[in-house]
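K.L.:
Handing over query_30.txt, compact mmCIF, C-alpha atoms.
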```
# COMPACT_ATOMS: atom_id res chain seq x y z
CA MET K 1 -51.25 -77.85 -28.26
CA GLY K 2 -52.94 -77.34 -24.90
CA PHE K 3 -55.38 -74.57 -23.99
CA HIS K 4 -56.60 -73.01 -20.79
CA ALA K 5 -60.22 -74.07 -20.97
CA TYR K 6 -63.31 -73.64 -18.78
CA THR K 7 -66.75 -75.18 -18.41
CA ALA K 8 -69.88 -73.08 -18.96
CA ALA K 9 -70.04 -72.68 -15.17
CA GLY K 10 -66.58 -71.10 -15.15
CA LYS K 11 -64.71 -74.09 -13.70
CA ALA K 12 -61.12 -74.45 -14.94
CA ARG K 13 -60.57 -77.51 -17.17
CA HIS K 14 -56.97 -77.00 -18.27
CA THR K 15 -56.18 -80.75 -18.24
CA TYR K 16 -58.07 -84.00 -18.75
CA ILE K 17 -57.53 -87.72 -18.08
CA ASP K 18 -57.09 -89.78 -21.26
CA SER K 19 -58.09 -93.40 -21.86
CA THR K 20 -54.81 -94.64 -20.34
CA GLY K 21 -55.34 -92.71 -17.12
CA GLN K 22 -52.72 -90.07 -17.89
CA GLU K 23 -53.30 -86.37 -17.26
CA LYS K 24 -52.81 -84.29 -20.40
CA PRO K 25 -53.31 -80.66 -21.48
CA THR K 26 -56.80 -79.93 -22.78
CA GLY K 27 -56.76 -79.68 -26.58
CA LEU K 28 -59.27 -78.67 -29.25
CA LYS K 29 -60.71 -82.19 -29.57
CA VAL K 30 -61.63 -82.36 -25.88
CA MET K 31 -62.93 -78.79 -25.93
CA ARG K 32 -65.29 -79.61 -28.82
CA GLU K 33 -66.46 -82.86 -27.23
CA GLU K 34 -67.18 -81.28 -23.84
CA GLY K 35 -68.34 -77.86 -25.03
CA LEU K 36 -65.56 -76.03 -23.21
CA TYR K 37 -64.71 -72.36 -23.61
CA PRO K 38 -61.17 -71.14 -24.42
CA SER K 39 -59.62 -68.60 -22.10
CA VAL K 40 -59.18 -65.00 -23.18
CA THR K 41 -55.41 -65.35 -22.78
CA SER K 42 -55.29 -68.48 -24.97
CA VAL K 43 -57.03 -66.64 -27.81
CA ILE K 44 -54.86 -63.53 -27.43
CA LYS K 45 -51.70 -65.66 -27.51
CA ILE K 46 -52.77 -67.04 -30.88
CA LEU K 47 -53.44 -63.55 -32.24
CA SER K 48 -50.52 -61.72 -30.67
CA ASN K 49 -48.40 -61.70 -27.54
CA ASP K 50 -46.05 -58.74 -27.82
CA MET K 51 -44.63 -59.17 -24.33
CA VAL K 52 -43.58 -62.80 -24.82
CA GLU K 53 -42.25 -62.14 -28.31
CA GLU K 54 -40.13 -59.19 -27.16
CA TRP K 55 -38.88 -61.10 -24.10
CA SER K 56 -37.93 -64.08 -26.28
CA ARG K 57 -36.09 -61.92 -28.81
CA ASN K 58 -34.16 -60.09 -26.10
CA LYS K 59 -33.19 -63.30 -24.35
CA LEU K 60 -31.89 -64.91 -27.54
CA ILE K 61 -29.89 -61.78 -28.39
CA GLU K 62 -28.42 -61.69 -24.88
CA TYR K 63 -27.36 -65.33 -25.04
CA CYS K 64 -25.73 -64.97 -28.44
CA ALA K 65 -23.91 -61.78 -27.41
CA SER K 66 -22.69 -62.99 -24.03
CA SER K 67 -21.81 -66.53 -25.08
CA PRO K 68 -21.18 -66.68 -28.85
CA GLN K 69 -20.58 -69.84 -30.81
CA GLU K 70 -17.24 -71.40 -29.89
CA LEU K 71 -14.63 -72.39 -32.47
CA ASN K 72 -15.02 -76.12 -31.83
CA GLU K 73 -18.83 -75.92 -31.51
CA THR K 74 -21.07 -76.90 -34.39
CA LEU K 75 -24.06 -74.76 -35.30
CA ALA K 76 -26.38 -77.52 -34.08
CA GLU K 77 -24.58 -77.65 -30.70
CA PHE K 78 -24.74 -73.85 -30.43
CA LYS K 79 -28.48 -73.86 -31.15
CA ASP K 80 -29.03 -76.58 -28.53
CA ARG K 81 -27.09 -74.62 -25.90
CA VAL K 82 -28.94 -71.39 -26.57
CA THR K 83 -32.30 -73.19 -26.59
CA GLU K 84 -31.55 -74.97 -23.32
CA ASN K 85 -30.64 -71.69 -21.60
CA TYR K 86 -33.74 -69.98 -23.01
CA LEU K 87 -36.05 -72.77 -21.81
CA GLU K 88 -34.50 -72.69 -18.33
CA ASP K 89 -34.96 -68.92 -18.03
CA SER K 90 -38.55 -69.30 -19.27
CA ARG K 91 -39.22 -71.92 -16.58
CA VAL K 92 -37.76 -69.70 -13.85
CA ALA K 93 -39.81 -66.69 -15.06
CA ARG K 94 -43.03 -68.75 -15.04
CA GLU K 95 -42.34 -70.06 -11.55
CA PHE K 96 -41.73 -66.56 -10.20
CA GLY K 97 -44.95 -65.34 -11.85
CA THR K 98 -46.88 -68.19 -10.23
CA LEU K 99 -45.30 -67.51 -6.82
CA THR K 100 -46.07 -63.79 -7.07
CA HIS K 101 -49.71 -64.44 -7.98
CA LYS K 102 -49.98 -66.92 -5.10
CA HIS K 103 -48.80 -64.41 -2.49
CA LEU K 104 -50.93 -61.59 -3.87
CA GLU K 105 -54.02 -63.80 -3.99
CA GLU K 106 -53.49 -64.92 -0.39
CA PHE K 107 -53.12 -61.30 0.71
CA ASN K 108 -56.25 -60.23 -1.16
CA LYS K 109 -58.32 -62.94 0.50
CA VAL K 110 -57.67 -61.65 4.03
CA GLY K 111 -56.24 -58.13 3.64
CA TYR K 112 -52.87 -58.91 5.18
CA ARG K 113 -49.90 -61.16 4.55
CA ASN K 114 -49.35 -64.51 6.26
CA TYR K 115 -45.55 -64.54 6.39
CA ARG K 116 -43.84 -67.81 5.54
CA SER K 117 -40.19 -68.68 5.04
CA ASP K 118 -40.51 -72.06 3.35
CA GLU K 119 -40.46 -70.98 -0.28
CA ASP K 120 -40.25 -67.20 -0.31
CA ASP K 121 -38.18 -65.48 -2.93
CA SER K 122 -36.38 -62.40 -1.56
CA ARG K 123 -38.11 -60.32 -4.23
CA ILE K 124 -41.49 -61.17 -2.68
CA ASP K 125 -40.41 -59.41 0.52
CA SER K 126 -40.03 -56.14 -1.39
CA ILE K 127 -43.17 -56.61 -3.51
CA MET K 128 -45.66 -57.30 -0.72
CA PRO K 129 -45.15 -54.09 1.34
CA GLU K 130 -45.77 -52.05 -1.82
CA TRP K 131 -48.92 -54.03 -2.55
CA GLU K 132 -50.11 -53.62 1.05
CA ASP K 133 -49.67 -49.85 0.73
CA TYR K 134 -51.58 -49.80 -2.58
CA PHE K 135 -54.30 -52.02 -1.11
CA ASN K 136 -54.80 -49.82 1.95
CA HIS K 137 -54.89 -46.57 -0.04
CA ASN K 138 -57.08 -47.66 -2.97
CA ILE K 139 -59.18 -50.74 -2.25
CA VAL K 140 -62.43 -50.24 -0.39
CA LYS K 141 -63.70 -53.79 -0.75
CA VAL K 142 -62.41 -57.01 -2.32
CA ILE K 143 -65.24 -58.61 -4.26
CA SER K 144 -63.30 -61.58 -5.55
CA PRO K 145 -59.64 -62.60 -5.80
CA GLU K 146 -58.99 -64.98 -8.72
CA GLN K 147 -62.51 -64.74 -10.15
CA THR K 148 -63.20 -67.37 -12.80
CA LEU K 149 -65.96 -66.72 -15.30
CA ALA K 150 -67.34 -68.09 -18.54
CA CYS K 151 -69.50 -65.97 -20.83
CA PRO K 152 -71.50 -68.00 -23.40
CA PRO K 153 -72.63 -64.91 -25.41
CA VAL K 154 -68.97 -64.00 -25.96
CA GLY K 155 -67.77 -67.61 -26.22
CA LEU K 156 -64.81 -67.05 -23.91
CA ALA K 157 -63.77 -67.69 -20.33
CA GLY K 158 -60.93 -66.79 -18.01
CA THR K 159 -59.68 -65.85 -14.56
CA ILE K 160 -59.58 -62.26 -13.30
CA ASP K 161 -56.79 -61.69 -10.79
CA LEU K 162 -58.80 -59.25 -8.67
CA VAL K 163 -62.31 -57.74 -8.68
CA PHE K 164 -62.68 -54.88 -6.21
CA GLU K 165 -64.26 -51.55 -5.34
CA HIS K 166 -61.78 -48.70 -5.85
CA ASN K 167 -62.09 -45.65 -3.62
CA THR K 168 -62.42 -43.26 -6.60
CA LEU K 169 -63.05 -45.44 -9.68
CA GLY K 170 -65.76 -47.74 -8.38
CA LEU K 171 -65.90 -51.33 -9.60
CA CYS K 172 -62.54 -52.40 -11.09
CA LEU K 173 -60.84 -55.45 -12.57
CA LEU K 174 -57.08 -55.77 -12.06
CA ASP K 175 -54.54 -58.04 -13.72
CA TYR K 176 -50.94 -58.65 -12.64
CA LYS K 177 -48.04 -59.09 -15.07
CA THR K 178 -44.43 -59.81 -14.09
CA GLN K 179 -41.57 -58.24 -16.05
CA ASN K 180 -37.79 -58.25 -15.60
CA MET K 181 -37.44 -54.47 -15.65
CA ARG K 182 -33.71 -53.86 -15.68
CA SER K 183 -34.33 -50.33 -16.96
CA GLY K 184 -36.86 -49.63 -14.21
CA ARG K 185 -39.53 -48.90 -16.83
CA ALA K 186 -42.71 -50.94 -17.20
CA ASN K 187 -44.03 -51.92 -20.62
CA PHE K 188 -47.81 -51.96 -20.93
CA TYR K 189 -48.39 -53.97 -24.09
CA PRO K 190 -51.61 -53.73 -26.16
CA ASN K 191 -52.64 -57.28 -25.26
CA PHE K 192 -52.88 -56.22 -21.58
CA SER K 193 -55.80 -53.92 -22.35
CA TRP K 194 -57.32 -56.43 -24.82
CA GLN K 195 -57.46 -59.06 -22.11
CA LEU K 196 -58.88 -56.76 -19.45
CA ALA K 197 -61.42 -55.13 -21.77
CA LEU K 198 -62.79 -58.56 -22.69
CA TYR K 199 -62.96 -59.54 -19.02
CA ALA K 200 -64.82 -56.31 -18.26
CA ARG K 201 -67.44 -56.92 -20.95
CA MET K 202 -67.87 -60.55 -19.90
CA TYR K 203 -68.22 -59.54 -16.24
CA ARG K 204 -70.78 -56.90 -17.19
CA ILE K 205 -72.86 -59.40 -19.21
CA ASN K 206 -72.74 -62.10 -16.53
CA ASN K 207 -73.68 -59.71 -13.74
CA PHE K 208 -76.29 -57.65 -15.67
CA LEU K 209 -74.44 -54.37 -15.12
CA ASP K 210 -75.22 -51.12 -16.91
CA GLU K 211 -71.58 -50.46 -17.81
CA ASP K 212 -68.22 -52.20 -17.95
CA PRO K 213 -66.06 -52.13 -14.81
CA ARG K 214 -62.89 -50.04 -15.05
CA ILE K 215 -59.68 -51.93 -15.81
CA ILE K 216 -56.19 -51.70 -14.29
CA SER K 217 -52.89 -53.36 -15.21
CA MET K 218 -50.33 -53.86 -12.45
CA VAL K 219 -46.81 -54.70 -13.64
CA VAL K 220 -44.56 -56.38 -11.05
CA ASN K 221 -40.81 -55.88 -11.45
CA SER K 222 -39.16 -59.31 -11.21
CA ALA K 223 -35.56 -58.09 -11.55
CA GLU K 224 -33.23 -59.74 -9.04
CA GLU K 225 -31.87 -56.39 -7.91
CA THR K 226 -33.51 -53.00 -8.12
CA THR K 227 -33.18 -49.70 -6.30
CA GLY K 228 -36.59 -48.58 -7.47
CA LYS K 229 -40.14 -49.67 -6.81
CA ARG K 230 -41.60 -53.06 -7.67
CA LEU K 231 -45.17 -52.17 -8.69
CA PHE K 232 -46.28 -50.07 -11.67
CA GLU K 233 -49.96 -49.29 -12.20
CA LYS K 234 -51.84 -48.25 -15.32
CA VAL K 235 -55.48 -47.23 -15.05
CA TYR K 236 -57.00 -47.30 -18.54
CA LYS K 237 -59.17 -44.40 -19.54
CA PRO K 238 -62.78 -45.30 -20.46
CA GLU K 239 -62.17 -44.33 -24.12
CA ASP K 240 -59.03 -46.48 -24.27
CA GLN K 241 -60.94 -49.34 -22.72
CA GLN K 242 -63.69 -49.08 -25.32
CA ASN K 243 -61.16 -49.00 -28.17
CA ALA K 244 -59.08 -51.94 -26.89
```
What does this structure look like when you write it as structure tokens?
P.N.:
Amino acid sequence: MGFHAYTAAGKARHTYIDSTGQEKPTGLKVMREEGLYPSVTSVIKILSNDMVEEWSRNKLIEYCASSPQELNETLAEFKDRVTENYLEDSRVAREFGTLTHKHLEEFNKVGYRNYRSDEDDSRIDSIMPEWEDYFNHNIVKVISPEQTLACPPVGLAGTIDLVFEHNTLGLCLLDYKTQNMRSGRANFYPNFSWQLALYARMYRINNFLDEDPRIISMVVNSAEETTGKRLFEKVYKPEDQQNA
């Protein structure tokens, strides 16, 4: 099992080169040997990941309902077909999440979008104008896009999608999540606030702040077709942040 791991300086160390020269995911053995810190998301995934569990359940139900076991198909063949479809959809979802983060990070670095046509998904073209509008109305200053940090007192590390000064909330940490929102309703799972609350405390400790930064979840609708908006924001109240 591989982990997202970081050095004490906050440098990502998600893979390593083994004795044969092959690149492999960083595991517990390497983490112990090199004194690496696990990411916040890796730890939360071990404890609970409601979003992934619900998505997985829904996908499996959809496959079984839309394409049930055929008369001449064995149970083993049916399981293999469902698993193959599930893994393919998982791969596509991960790739879209990576692409979305890439475009948002590039925008946040310069404050505008460098338009490209080489690999753009049509959904990106509807996401970015909404983000530009949010950016212009709420963000006073970008402190750091994709901020990596390791916090020895907490024993964890991670990458914050965006650290910025909000025009009314002050210092904030924001994290993006992609969801296929066919209903047009965003789900803000408990692990979203767990992750951000830990980041906020780690950021406070590392930067000798008097209080934790405020935290914001931004859900991005990844549905192929939608007549509604693409971005859904949740600003966590200070009391909710403390209880996360």
K.L.:
Would you please work out which residue, of K:Thr98, K:Glu33, K:Asn187, K:Asn114, is nearest to Glu54 (chain K) when using only C-alpha atoms?
P.N.:
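Looking only at the distances to Glu54 (chain K), the closest residue turns out to be K:Asn187.
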K.L.:
Quick one: of K:Tyr203, K:Glu146, K:Tyr16, K:Ser122, who's nearest to Leu104 (chain K), counting only C-alpha atoms?
P.N.:
K:Glu146
K.L.:
Could you check how far CA of Ala150 (chain K) sits from CA of Gly170 (chain K), in Å to one decimal?
P.N.:
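Separation of CA of Ala150 (chain K) and CA of Gly170 (chain K): 22.8 Å.
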K.L.:
Can you list, as a list in words, every protein, DNA or RNA residue that comes within 6 Å of region 223-234 of chain K when you count only C-alpha atoms, leaving out same-chain residues fewer than 3 positions away?
P.N.:
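Skipping anything fewer than 3 positions along the chain leaves Ile127, Asn180, Met181, Ile216, Ser217, Met218, Val219 and Val220 of chain K.
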K.L.:
With C-alpha atoms retained, could you export that selection as a compact mmCIF listing (two decimals), keeping the file's coordinate frame?
P.N.:
```txt
# COMPACT_ATOMS: atom_id res chain seq x y z
CA ILE K 127 -43.17 -56.61 -3.51
CA ASN K 180 -37.79 -58.25 -15.60
CA MET K 181 -37.44 -54.47 -15.65
CA ILE K 216 -56.19 -51.70 -14.29
CA SER K 217 -52.89 -53.36 -15.21
CA MET K 218 -50.33 -53.86 -12.45
CA VAL K 219 -46.81 -54.70 -13.64
CA VAL K 220 -44.56 -56.38 -11.05
```
K.L.:
Can you measure CA of Arg94 (chain K) to CA of Ile46 (chain K) for me? One decimal in Å is fine.
P.N.:
18.7 Å
K.L.:
Find the residues with any atom within 12 Å of (-30.0, -71.1, -29.3); use all atoms listed in the file and the coordinates as given in the file, and write the answer as a PyMOL selection string.
P.N.:
chain K and resi 56-57+59-65+67-69+74-88
K.L.:
Taking C-alpha atoms for each residue, export the selection above as a PDB file, in the frame of the given file.
P.N.:
```pdb
ATOM      1  CA  SER K  56     -37.930 -64.080 -26.280  1.00  0.00           C
ATOM      2  CA  ARG K  57     -36.090 -61.920 -28.810  1.00  0.00           C
ATOM      3  CA  LYS K  59     -33.190 -63.300 -24.350  1.00  0.00           C
ATOM      4  CA  LEU K  60     -31.890 -64.910 -27.540  1.00  0.00           C
ATOM      5  CA  ILE K  61     -29.890 -61.780 -28.390  1.00  0.00           C
ATOM      6  CA  GLU K  62     -28.420 -61.690 -24.880  1.00  0.00           C
ATOM      7  CA  TYR K  63     -27.360 -65.330 -25.040  1.00  0.00           C
ATOM      8  CA  CYS K  64     -25.730 -64.970 -28.440  1.00  0.00           C
ATOM      9  CA  ALA K  65     -23.910 -61.780 -27.410  1.00  0.00           C
ATOM     10  CA  SER K  67     -21.810 -66.530 -25.080  1.00  0.00           C
ATOM     11  CA  PRO K  68     -21.180 -66.680 -28.850  1.00  0.00           C
ATOM     12  CA  GLN K  69     -20.580 -69.840 -30.810  1.00  0.00           C
ATOM     13  CA  THR K  74     -21.070 -76.900 -34.390  1.00  0.00           C
ATOM     14  CA  LEU K  75     -24.060 -74.760 -35.300  1.00  0.00           C
ATOM     15  CA  ALA K  76     -26.380 -77.520 -34.080  1.00  0.00           C
ATOM     16  CA  GLU K  77     -24.580 -77.650 -30.700  1.00  0.00           C
ATOM     17  CA  PHE K  78     -24.740 -73.850 -30.430  1.00  0.00           C
ATOM     18  CA  LYS K  79     -28.480 -73.860 -31.150  1.00  0.00           C
ATOM     19  CA  ASP K  80     -29.030 -76.580 -28.530  1.00  0.00           C
ATOM     20  CA  ARG K  81     -27.090 -74.620 -25.900  1.00  0.00           C
ATOM     21  CA  VAL K  82     -28.940 -71.390 -26.570  1.00  0.00           C
ATOM     22  CA  THR K  83     -32.300 -73.190 -26.590  1.00  0.00           C
ATOM     23  CA  GLU K  84     -31.550 -74.970 -23.320  1.00  0.00           C
ATOM     24  CA  ASN K  85     -30.640 -71.690 -21.600  1.00  0.00           C
ATOM     25  CA  TYR K  86     -33.740 -69.980 -23.010  1.00  0.00           C
ATOM     26  CA  LEU K  87     -36.050 -72.770 -21.810  1.00  0.00           C
ATOM     27  CA  GLU K  88     -34.500 -72.690 -18.330  1.00  0.00           C
TER      28      GLU K  88
END
```
K.L.:
I want to know what sits within 10 Å of Val30 (chain K), based on only C-alpha atoms, with residues of the same chain fewer than 6 positions away left out; could you give that as number ranges by chain?
P.N.:
K: 5, 15-16, 18, 36
K.L.:
Take the residues from that selection and write them out as an mmCIF file, keeping the file's coordinate frame, keeping C-alpha atoms.
P.N.:
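Result file follows (result29.cif):
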```cif
data_model
loop_
_atom_site.group_PDB
_atom_site.id
_atom_site.type_symbol
_atom_site.label_atom_id
_atom_site.label_comp_id
_atom_site.auth_asym_id
_atom_site.auth_seq_id
_atom_site.Cartn_x
_atom_site.Cartn_y
_atom_site.Cartn_z
ATOM 1 C CA ALA K 5 -60.220 -74.070 -20.970
ATOM 2 C CA THR K 15 -56.180 -80.750 -18.240
ATOM 3 C CA TYR K 16 -58.070 -84.000 -18.750
ATOM 4 C CA ASP K 18 -57.090 -89.780 -21.260
ATOM 5 C CA LEU K 36 -65.560 -76.030 -23.210
#
```
K.L.:
Looking at K:His103, K:His166, K:Arg214, K:His4, which one is nearest to Ile139 (chain K), with distances taken over only C-alpha atoms?
P.N.:
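Ranking K:His103, K:His166, K:Arg214, K:His4 by distance to Ile139 (chain K), first place goes to K:His166.
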K.L.:
Pick from K:Asn221, K:Asn138, K:Asn243, K:Asn58: nearest to Asn167 (chain K), with only C-alpha atoms counted?
P.N.:
K:Asn138
K.L.:
Determine, counting all atoms listed in the file, which protein, DNA and RNA residues have an atom within 12 Å of an atom of Glu239 (chain K); residues of the same chain fewer than 5 positions away are not included. Present the result as a short mmCIF file (atom, residue, chain, number, x, y, z; two decimals) with C-alpha atoms, keeping the file's coordinate frame.
P.N.:
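This went into result-v3.cif:
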```cif
data_model
loop_
_atom_site.label_atom_id
_atom_site.label_comp_id
_atom_site.auth_asym_id
_atom_site.auth_seq_id
_atom_site.Cartn_x
_atom_site.Cartn_y
_atom_site.Cartn_z
CA SER K 193 -55.80 -53.92 -22.35
CA ALA K 197 -61.42 -55.13 -21.77
CA ASP K 212 -68.22 -52.20 -17.95
CA ARG K 214 -62.89 -50.04 -15.05
CA ILE K 215 -59.68 -51.93 -15.81
CA ALA K 244 -59.08 -51.94 -26.89
#
```
K.L.:
Suppose you want the space between CA of Leu162 (chain K) and CA of Phe107 (chain K); what is it in Å?
P.N.:
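Separation between CA of Leu162 (chain K) and CA of Phe107 (chain K): 11.2 Å.
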K.L.:
Kindly indicate which residue among K:Ser19, K:Ser222, K:Thr159, K:Asn206 lies nearest to Ala186 (chain K), using all atoms listed in the file for the distances.
P.N.:
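Among the listed residues, the smallest separation from Ala186 (chain K) belongs to K:Ser222.
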K.L.:
My structure is short of atoms at region 123-134 of chain K; please model N, CA and C atoms there, returning them as a short mmCIF file (atom, residue, chain, number, x, y, z; two decimals), keeping the file's coordinate frame.
P.N.:
```
data_model
loop_
_atom_site.label_atom_id
_atom_site.label_comp_id
_atom_site.auth_asym_id
_atom_site.auth_seq_id
_atom_site.Cartn_x
_atom_site.Cartn_y
_atom_site.Cartn_z
N ARG K 123 -37.40 -61.38 -3.53
CA ARG K 123 -38.11 -60.32 -4.23
C ARG K 123 -39.52 -60.14 -3.69
N ILE K 124 -40.13 -61.24 -3.23
CA ILE K 124 -41.49 -61.17 -2.68
C ILE K 124 -41.53 -60.24 -1.49
N ASP K 125 -40.45 -60.25 -0.68
CA ASP K 125 -40.41 -59.41 0.52
C ASP K 125 -40.39 -57.93 0.20
N SER K 126 -39.98 -57.56 -1.01
CA SER K 126 -40.03 -56.14 -1.39
C SER K 126 -41.31 -55.81 -2.17
N ILE K 127 -41.93 -56.82 -2.77
CA ILE K 127 -43.17 -56.61 -3.51
C ILE K 127 -44.36 -56.42 -2.56
N MET K 128 -44.45 -57.27 -1.55
CA MET K 128 -45.66 -57.30 -0.72
C MET K 128 -45.90 -56.01 0.08
N PRO K 129 -44.87 -55.37 0.65
CA PRO K 129 -45.15 -54.09 1.34
C PRO K 129 -45.71 -53.03 0.40
N GLU K 130 -45.22 -53.01 -0.85
CA GLU K 130 -45.77 -52.05 -1.82
C GLU K 130 -47.22 -52.36 -2.13
N TRP K 131 -47.53 -53.66 -2.28
CA TRP K 131 -48.92 -54.03 -2.55
C TRP K 131 -49.82 -53.71 -1.35
N GLU K 132 -49.33 -53.93 -0.15
CA GLU K 132 -50.11 -53.62 1.05
C GLU K 132 -50.42 -52.13 1.10
N ASP K 133 -49.46 -51.29 0.74
CA ASP K 133 -49.67 -49.85 0.73
C ASP K 133 -50.71 -49.47 -0.33
N TYR K 134 -50.60 -50.07 -1.52
CA TYR K 134 -51.58 -49.80 -2.58
C TYR K 134 -52.97 -50.25 -2.13
#
```
